[in-house]
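**Q** Contents of input23.txt (compact mmCIF, C-alpha atoms) are given next:
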```
# COMPACT_ATOMS: atom_id res chain seq x y z
CA MET L 1 107.91 99.65 67.14
CA LYS L 2 105.75 98.06 64.46
CA LYS L 3 108.65 98.30 62.02
CA TYR L 4 110.94 96.56 64.47
CA LEU L 5 108.42 93.82 65.21
CA ALA L 6 107.92 93.31 61.48
CA GLU L 7 111.68 92.80 61.10
CA ALA L 8 111.69 90.26 63.92
CA ILE L 9 108.78 88.34 62.39
CA GLY L 10 110.30 88.41 58.92
CA THR L 11 113.68 87.18 60.12
CA MET L 12 112.01 84.46 62.19
CA VAL L 13 110.19 83.19 59.09
CA LEU L 14 113.37 83.36 56.98
CA VAL L 15 115.30 81.24 59.47
CA LEU L 16 112.47 78.81 60.15
CA MET L 17 111.71 78.20 56.49
CA GLY L 18 115.18 78.49 54.99
CA CYS L 19 117.11 76.60 57.65
CA GLY L 20 114.13 74.28 58.10
CA ALA L 21 114.35 73.30 54.44
CA ALA L 22 118.09 72.71 54.79
CA VAL L 23 117.48 70.32 57.68
CA SER L 24 114.49 68.60 56.06
CA LEU L 25 116.32 68.08 52.77
CA GLY L 26 119.59 67.12 54.48
CA CYS L 27 121.42 69.79 52.48
CA ASN L 28 124.72 68.31 51.34
CA ASN L 29 127.20 69.55 48.76
CA GLY L 30 127.33 66.02 47.39
CA ASP L 31 123.63 66.10 46.55
CA PRO L 32 122.88 68.92 44.09
CA GLU L 33 119.13 68.54 44.48
CA THR L 34 119.35 69.35 48.21
CA VAL L 35 121.45 72.43 47.46
CA VAL L 36 118.94 73.63 44.86
CA GLY L 37 116.01 72.97 47.18
CA THR L 38 117.64 74.87 50.05
CA ALA L 39 118.54 77.81 47.80
CA ILE L 40 114.98 78.04 46.51
CA ALA L 41 113.57 77.88 50.05
CA PHE L 42 115.63 80.86 51.21
CA GLY L 43 114.73 82.85 48.10
CA LEU L 44 111.02 82.09 48.42
CA ALA L 45 111.08 83.03 52.10
CA VAL L 46 112.49 86.44 51.19
CA VAL L 47 109.90 86.95 48.44
CA ALA L 48 107.07 85.97 50.76
CA MET L 49 108.22 88.32 53.50
CA ALA L 50 108.96 91.14 51.06
CA TYR L 51 105.32 91.20 50.00
CA THR L 52 104.14 90.69 53.59
CA ILE L 53 106.11 93.27 55.59
CA GLY L 54 107.82 95.28 52.86
CA GLY L 55 105.30 98.08 53.21
CA ILE L 56 105.88 98.23 56.97
CA SER L 57 109.64 98.00 57.43
CA GLY L 58 111.10 97.57 53.95
CA CYS L 59 111.78 93.91 54.79
CA HIS L 60 115.51 94.01 55.46
CA ILE L 61 115.48 90.88 57.69
CA ASN L 62 119.27 90.97 57.44
CA PRO L 63 121.77 93.13 59.38
CA ALA L 64 124.02 93.35 56.30
CA ILE L 65 121.19 94.91 54.31
CA THR L 66 120.35 97.28 57.15
CA LEU L 67 124.00 98.35 57.36
CA GLY L 68 124.08 98.92 53.60
CA VAL L 69 120.88 100.97 53.72
CA PHE L 70 122.21 103.02 56.63
CA LEU L 71 125.57 103.71 54.97
CA SER L 72 123.84 104.71 51.75
CA GLY L 73 121.93 107.36 53.69
CA ARG L 74 118.45 105.87 53.53
CA MET L 75 117.87 105.41 57.27
CA ASN L 76 119.09 106.87 60.56
CA GLY L 77 121.39 105.20 63.07
CA LYS L 78 118.70 104.60 65.70
CA ASP L 79 116.45 102.71 63.32
CA ALA L 80 119.42 100.76 61.95
CA GLY L 81 120.46 99.65 65.42
CA MET L 82 116.93 98.64 66.40
CA TYR L 83 116.41 96.81 63.11
CA ILE L 84 119.54 94.74 63.70
CA LEU L 85 118.57 93.99 67.31
CA PHE L 86 115.11 92.77 66.36
CA GLN L 87 116.46 90.81 63.40
CA VAL L 88 118.74 88.87 65.74
CA ILE L 89 115.88 88.33 68.19
CA GLY L 90 113.68 87.05 65.38
CA ALA L 91 116.41 84.70 64.17
CA ILE L 92 116.85 83.26 67.65
CA VAL L 93 113.10 82.70 67.99
CA GLY L 94 112.96 81.02 64.57
CA SER L 95 115.92 78.83 65.51
CA ALA L 96 114.30 77.89 68.81
CA ILE L 97 111.15 76.78 67.00
CA LEU L 98 113.20 74.81 64.47
CA TYR L 99 115.26 73.23 67.25
CA ALA L 100 112.09 72.14 69.04
CA LEU L 101 110.76 70.62 65.83
CA THR L 102 113.94 68.80 64.85
CA THR L 103 114.68 67.37 68.31
CA SER L 104 111.12 66.17 68.76
CA ALA L 105 111.32 64.47 65.36
CA GLY L 106 114.72 62.88 66.03
CA LEU L 107 116.54 65.05 63.46
CA GLU L 108 119.90 66.74 63.97
CA GLY L 109 121.07 70.27 63.32
CA THR L 110 119.46 73.68 62.87
CA GLY L 111 120.84 74.55 59.45
CA ALA L 112 123.71 76.51 60.99
CA ASN L 113 126.44 77.90 58.77
CA ASP L 114 129.91 76.40 58.91
CA LEU L 115 132.99 75.97 56.75
CA GLN L 116 132.33 73.17 54.30
CA ALA L 117 134.35 70.09 53.39
CA ASN L 118 136.65 70.57 50.40
CA GLY L 119 138.00 67.06 49.89
CA ALA L 120 141.20 67.67 51.86
CA GLY L 121 139.52 68.80 55.06
CA THR L 122 137.44 71.95 55.26
CA ILE L 123 137.40 75.31 53.53
CA PRO L 124 139.99 77.55 55.26
CA ALA L 125 138.66 80.43 57.34
CA LEU L 126 140.05 82.95 54.84
CA GLY L 127 138.24 81.24 51.97
CA GLY L 128 134.98 81.26 53.89
CA LEU L 129 135.41 84.87 54.92
CA LEU L 130 136.11 86.01 51.36
CA ALA L 131 133.12 84.08 50.06
CA GLU L 132 130.84 85.76 52.59
CA ILE L 133 132.24 89.21 51.80
CA PHE L 134 131.96 88.90 48.02
CA PHE L 135 128.57 87.22 47.84
CA THR L 136 127.05 89.51 50.46
CA CYS L 137 128.36 92.48 48.53
CA VAL L 138 126.59 91.29 45.39
CA PHE L 139 123.38 90.52 47.27
CA VAL L 140 123.21 93.85 49.12
CA LEU L 141 124.07 95.71 45.91
CA VAL L 142 121.04 94.08 44.27
CA VAL L 143 118.89 95.15 47.22
CA LEU L 144 120.08 98.75 47.06
CA GLY L 145 119.60 98.90 43.32
CA ALA L 146 116.24 97.14 43.18
CA THR L 147 114.77 99.43 45.84
CA ALA L 148 116.28 102.68 44.52
CA LYS L 149 113.92 105.49 43.52
CA THR L 150 115.77 105.75 40.22
CA ASN L 151 114.34 102.35 39.26
CA GLY L 152 110.84 103.80 39.13
CA ALA L 153 108.12 101.26 38.40
CA THR L 154 110.48 98.31 38.79
CA ASN L 155 110.33 98.91 42.54
CA ASN L 156 107.11 96.88 42.47
CA PHE L 157 109.18 93.85 41.56
CA ALA L 158 112.01 94.49 44.02
CA GLY L 159 110.95 91.63 46.30
CA LEU L 160 111.05 89.17 43.43
CA ALA L 161 114.43 90.39 42.20
CA ILE L 162 115.91 90.20 45.70
CA GLY L 163 114.51 86.72 46.32
CA LEU L 164 115.85 85.42 43.02
CA SER L 165 119.25 86.95 43.68
CA LEU L 166 119.36 85.19 47.05
CA ILE L 167 118.71 81.89 45.28
CA LEU L 168 121.61 82.64 42.94
CA VAL L 169 123.90 83.56 45.84
CA HIS L 170 123.03 80.33 47.64
CA LEU L 171 123.75 78.23 44.57
CA CYS L 172 127.20 79.79 44.36
CA CYS L 173 128.11 80.08 48.04
CA ILE L 174 126.70 76.95 49.72
CA ARG L 175 129.81 75.06 48.59
CA TYR L 176 132.00 77.31 50.77
CA THR L 177 130.04 78.22 53.89
CA GLY L 178 126.52 76.91 53.55
CA THR L 179 125.70 80.55 52.64
CA SER L 180 125.00 83.08 55.31
CA VAL L 181 125.21 86.60 53.77
CA ASN L 182 123.12 87.43 56.86
CA PRO L 183 124.59 87.61 60.39
CA ALA L 184 121.20 87.14 62.09
CA ARG L 185 120.52 83.99 60.05
CA SER L 186 123.82 82.59 61.33
CA ILE L 187 123.64 83.69 64.96
CA GLY L 188 120.32 82.02 65.76
CA PRO L 189 121.05 78.51 64.44
CA ALA L 190 124.64 78.52 65.77
CA LEU L 191 123.45 79.18 69.33
CA PHE L 192 121.41 75.97 69.25
CA GLN L 193 123.76 73.82 67.18
CA GLY L 194 127.01 74.78 68.95
CA GLY L 195 130.29 73.10 68.01
CA THR L 196 132.26 74.49 65.09
CA ALA L 197 129.20 76.43 63.91
CA LEU L 198 129.57 78.55 67.04
CA THR L 199 133.37 78.62 66.89
CA ASN L 200 133.32 79.90 63.31
CA LEU L 201 130.38 82.26 63.86
CA TRP L 202 132.64 85.31 63.61
CA ILE L 203 133.12 84.59 59.90
CA PHE L 204 129.39 84.86 59.33
CA ILE L 205 129.14 88.12 61.23
CA VAL L 206 132.25 89.92 59.97
CA GLY L 207 132.03 88.72 56.36
CA PRO L 208 128.44 89.83 55.63
CA LEU L 209 128.85 93.16 57.43
CA VAL L 210 132.01 93.97 55.48
CA GLY L 211 130.28 92.90 52.27
CA GLY L 212 127.27 95.07 53.05
CA ALA L 213 129.50 98.08 53.72
CA ILE L 214 131.37 97.59 50.44
CA ALA L 215 128.08 97.33 48.57
CA ALA L 216 126.96 100.65 50.05
CA LEU L 217 130.17 102.30 48.89
CA ILE L 218 129.79 100.87 45.39
CA TRP L 219 126.16 101.97 45.21
CA LYS L 220 126.99 105.50 46.32
CA ALA L 221 129.59 105.65 43.57
CA VAL L 222 127.17 104.64 40.78
CA ASP L 223 123.84 105.97 42.10
CA THR L 224 122.44 108.76 39.92
CA GLU L 225 119.70 109.88 42.31
CA GLU L 226 119.92 113.55 43.21
CA LYS L 227 120.48 114.11 46.91
```
Would you put the structure from the file into structure tokens?
**A**
Amino acid sequence: MKKYLAEAIGTMVLVLMGCGAAVSLGCNNGDPETVVGTAIAFGLAVVAMAYTIGGISGCHINPAITLGVFLSGRMNGKDAGMYILFQVIGAIVGSAILYALTTSAGLEGTGANDLQANGAGTIPALGGLLAEIFFTCVFVLVVLGATAKTNGATNNFAGLAIGLSLILVHLCCIRYTGTSVNPARSIGPALFQGGTALTNLWIFIVGPLVGGAIAALIWKAVDTEEK
């Protein structure tokens, strides 16, 4: 149970800090500095939690990562299911806190993911879905590689590598979907923001999970660790 609670706490902090920064900065594709600030906030949140709860649960705080770890044979199905459940619970709690803060301060939004404007309307659903699949695949592949036993001493720096890679993913993907690569991170904020964020939520559930599964397949193909 401590592992599951750690995942809930870690995901709560990720959503509160990452999405909170997006709201506070008014993240907008037209303002590069707000994009950079939001990307850094999500990356730092992951680094902070990696060195806080990494020794307890491994600090997945992301159902796509948990799926990738499960499919690569590093955890059993029961733990994977409970991790995902508590990650979603943590994301909802973090979103509730953020919603209380923003509404009391007269601000709008909870940093929910949605298809972004592209000059002629919005990014098509297919474009958003592909972005989430590809960028999640890269992110989860980094996680699987950075935490692999074959990396030896570099495991000590896995949290930093993962956090930095999340910054990179955000810088590339915010233009398309606001960057989810994490179904829990999308579910929580969408429940409180509603509208098209809730209508398009399926993209931010299906895309990251497919991307995580592909990453697991790729990793199994290149992993040199003896089973």
**Q** Which residue, L:Asn76, L:Asn29, L:Thr110, L:Thr147, has the smallest gap to Asp223 of chain L when you use all atoms listed in the file?
**A**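 The closest residue to Asp223 of chain L is L:Thr147.
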**Q** Which residue, L:Ala96, L:Ile53, L:Cys27, L:Val206, has the smallest gap to Phe192 of chain L when you use all atoms listed in the file?
**A** L:Ala96
**Q** Please identify all polymer residues within 7 Å of Ala112 of chain L, counting only C-alpha atoms, omitting same-chain residues fewer than 2 positions from it, and present them as a list of chain:residue names.
**A**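 Final neighbour list, sorted by chain and number: L:Thr110, L:Asp114, L:Ser186, L:Pro189, L:Ala190, L:Gln193, L:Ala197.
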**Q** Which is closer to Val222 of chain L than all the others in L:Ser72, L:Ser104, L:Thr38, L:Ser165, using all atoms listed in the file?
**A**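 Of all the options, L:Ser72 lies closest to Val222 of chain L.
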**Q** Taking into account only C-alpha atoms, which residue in the set L:Val23, L:Leu198, L:Ala146, L:Ile89 is nearest to Leu107 of chain L?
**A**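 The closest residue to Leu107 of chain L is L:Val23.
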**Q** Pick the closest to Val36 of chain L from L:Ala91, L:Ile123, L:Ala148, L:Leu168: which is it, counting all atoms listed in the file?
**A**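 Nearest to Val36 of chain L: L:Leu168.
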**Q** In terms of the shortest atom-to-atom distance over only C-alpha atoms, which of L:Gly58, L:Met82, L:Val169, L:Thr102 is closest to Ala21 of chain L?
**A**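 The answer is L:Thr102, which sits nearest to Ala21 of chain L.
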**Q** Counting only C-alpha atoms, what is within 9 Å of Pro124 of chain L, bar same-chain residues fewer than 5 positions away, as a PyMOL selection string?
**A** chain L and resi 115-116+129
**Q** Between atom CA of Asn182 of chain L and atom CA of Asn62 of chain L, what is the spacing in Å?
**A**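 Taking atom CA of Asn62 of chain L as the start and atom CA of Asn182 of chain L as the end point, the length is 5.3 Å.
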**Q** So what do you get for atom CA of Gly81 of chain L versus atom CA of Leu67 of chain L, distance-wise?
**A** 8.9 Å
**Q** Can you measure atom CA of Gly121 of chain L to atom CA of Asp31 of chain L for me? One decimal in Å is fine.
**A**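 Interatomic distance here is 18.2 Å.
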